[in-house]
Amino acid sequence: MKVSVDISAKYKEPYAVIYTDRVTDEIQHALELLGTGETPVTALQQEDHIVVLKPEDIYMIRIEHGATMIYGEKQTYRSSKRLYELGRQLGSRFMQISKSTLINLSYMDCLEPGFSGTLLLKMKNGCKDYVSRTYLPKFKNYLGL
């Protein structure tokens with residue numbers, strides 16, 4: 001992909017234009033990185049009302065006993081969406097660390113060595129889960145390790 005940047009005092013706010021004949025994975029990734037200016041939200045049916053969560057409200061998403069559980073700072077919600085659907089919707093701020101877990105990278109607290117080459121990841125809200133060996137290289141790359 002060709003990229004050019006024009007830096008000038010006449011621009012008060014960044015503006016991006018992509019010229020393409022089709023949307024490829026590379027273009028889709030660029031769009032996610034650049035953002036659309038809108039914050040995606042996730043609406044969840046909870047008993048008799050609907051809860052709307054912004055990405056910054058979500059710390060961890062985990063599949064437990066076949067149910068998709070969304071962990072906030074203090075509350076837990078149940079979603080009918082699949083893990084990959086939420087991952088796509090929430091964007092690059094979230095990373096999959098195992099077959100059943102997505103985390104919000106903004107809320108990582110600390111890491112501890114785990115068994116068989118895994119890492120135990122602790123979140124700022126107290127949630128914890130292992131980074132599996134399959135997802136470990138991408139996770140370490142993100143951390144610069």
# chains A, B, ... in the order shown; residues from 1 in each chain; ligands from 1
$ residues_around --residues "Leu102 in chain A" --least-positions-apart "4" --cutoff "9 Å" --atoms "only C-alpha atoms" --output "tab-separated table (two decimals) with C-alpha atoms, in the first residue's frame"
chain	number	residue	atom	x	y	z
A	59	TYR	CA	-12.35	-5.16	30.72
A	60	MET	CA	-12.61	-8.78	29.58
A	61	ILE	CA	-14.88	-11.02	27.52
A	62	ARG	CA	-14.80	-14.72	28.24
A	83	LEU	CA	-16.57	-13.95	20.87
A	86	LEU	CA	-17.55	-8.86	19.73
A	87	GLY	CA	-13.85	-8.84	18.81
A	94	PHE	CA	-9.01	-5.63	22.28
A	95	MET	CA	-6.82	-8.71	21.84
A	96	GLN	CA	-7.61	-12.39	22.00
A	97	ILE	CA	-5.38	-14.16	24.54
A	98	SER	CA	-6.90	-17.63	24.39
$ select_by_dssp --residues "chain A" --states "helix (DSSP H, G or I)" --output "count of residues only"
35
$ select_by_dssp --residues "chain A" --states "strand (DSSP E)" --output "ChimeraX atom specification"
/A:42-46,49-53,60-64,67-71,76-79,94-98,101-104,108-113,119-123,128-131
$ residues_around --residues "Lys124 in chain A" --least-positions-apart "2" --cutoff "8 Å" --atoms "only C-alpha atoms" --output "PyMOL selection string"
chain A and resi 107-109+122+126-127
$ closest_residue --among "A:Ile70, A:Val131, A:Leu120, A:Leu145" --to "Val51 in chain A" --atoms "only C-alpha atoms"
A:Ile70
$ atom_distance --atom1 "CA of Ser80 in chain A" --atom2 "CA of His49 in chain A"
14.6 Å
$ closest_residue --among "A:Pro14, A:Ala67, A:Gln75, A:Lys81" --to "Ala43 in chain A" --atoms "only C-alpha atoms"
A:Lys81
$ closest_residue --among "A:Tyr77, A:Asp25, A:Ala16, A:Glu56" --to "Leu44 in chain A" --atoms "only C-alpha atoms"
A:Tyr77
$ closest_residue --among "A:Lys54, A:Thr42, A:Leu111, A:Val23" --to "Ser79 in chain A" --atoms "only C-alpha atoms"
A:Thr42
$ residues_around --residues "range 114-118 of chain A" --least-positions-apart "4" --cutoff "12 Å" --atoms "only C-alpha atoms" --output "PyMOL selection string"
chain A and resi 97-98+122+128-137+139-140
$ closest_residue --among "A:Ser4, A:Arg82, A:Leu143, A:Pro113" --to "Val17 in chain A" --atoms "only C-alpha atoms"
A:Ser4
$ atom_distance --atom1 "CA of Glu73 in chain A" --atom2 "CA of Asp57 in chain A"
7.1 Å
$ atom_distance --atom1 "CA of Glu85 in chain A" --atom2 "CA of His65 in chain A"
18.0 Å
$ closest_residue --among "A:Met123, A:Ile27, A:Val52, A:Leu105" --to "Arg93 in chain A" --atoms "only C-alpha atoms"
A:Leu105
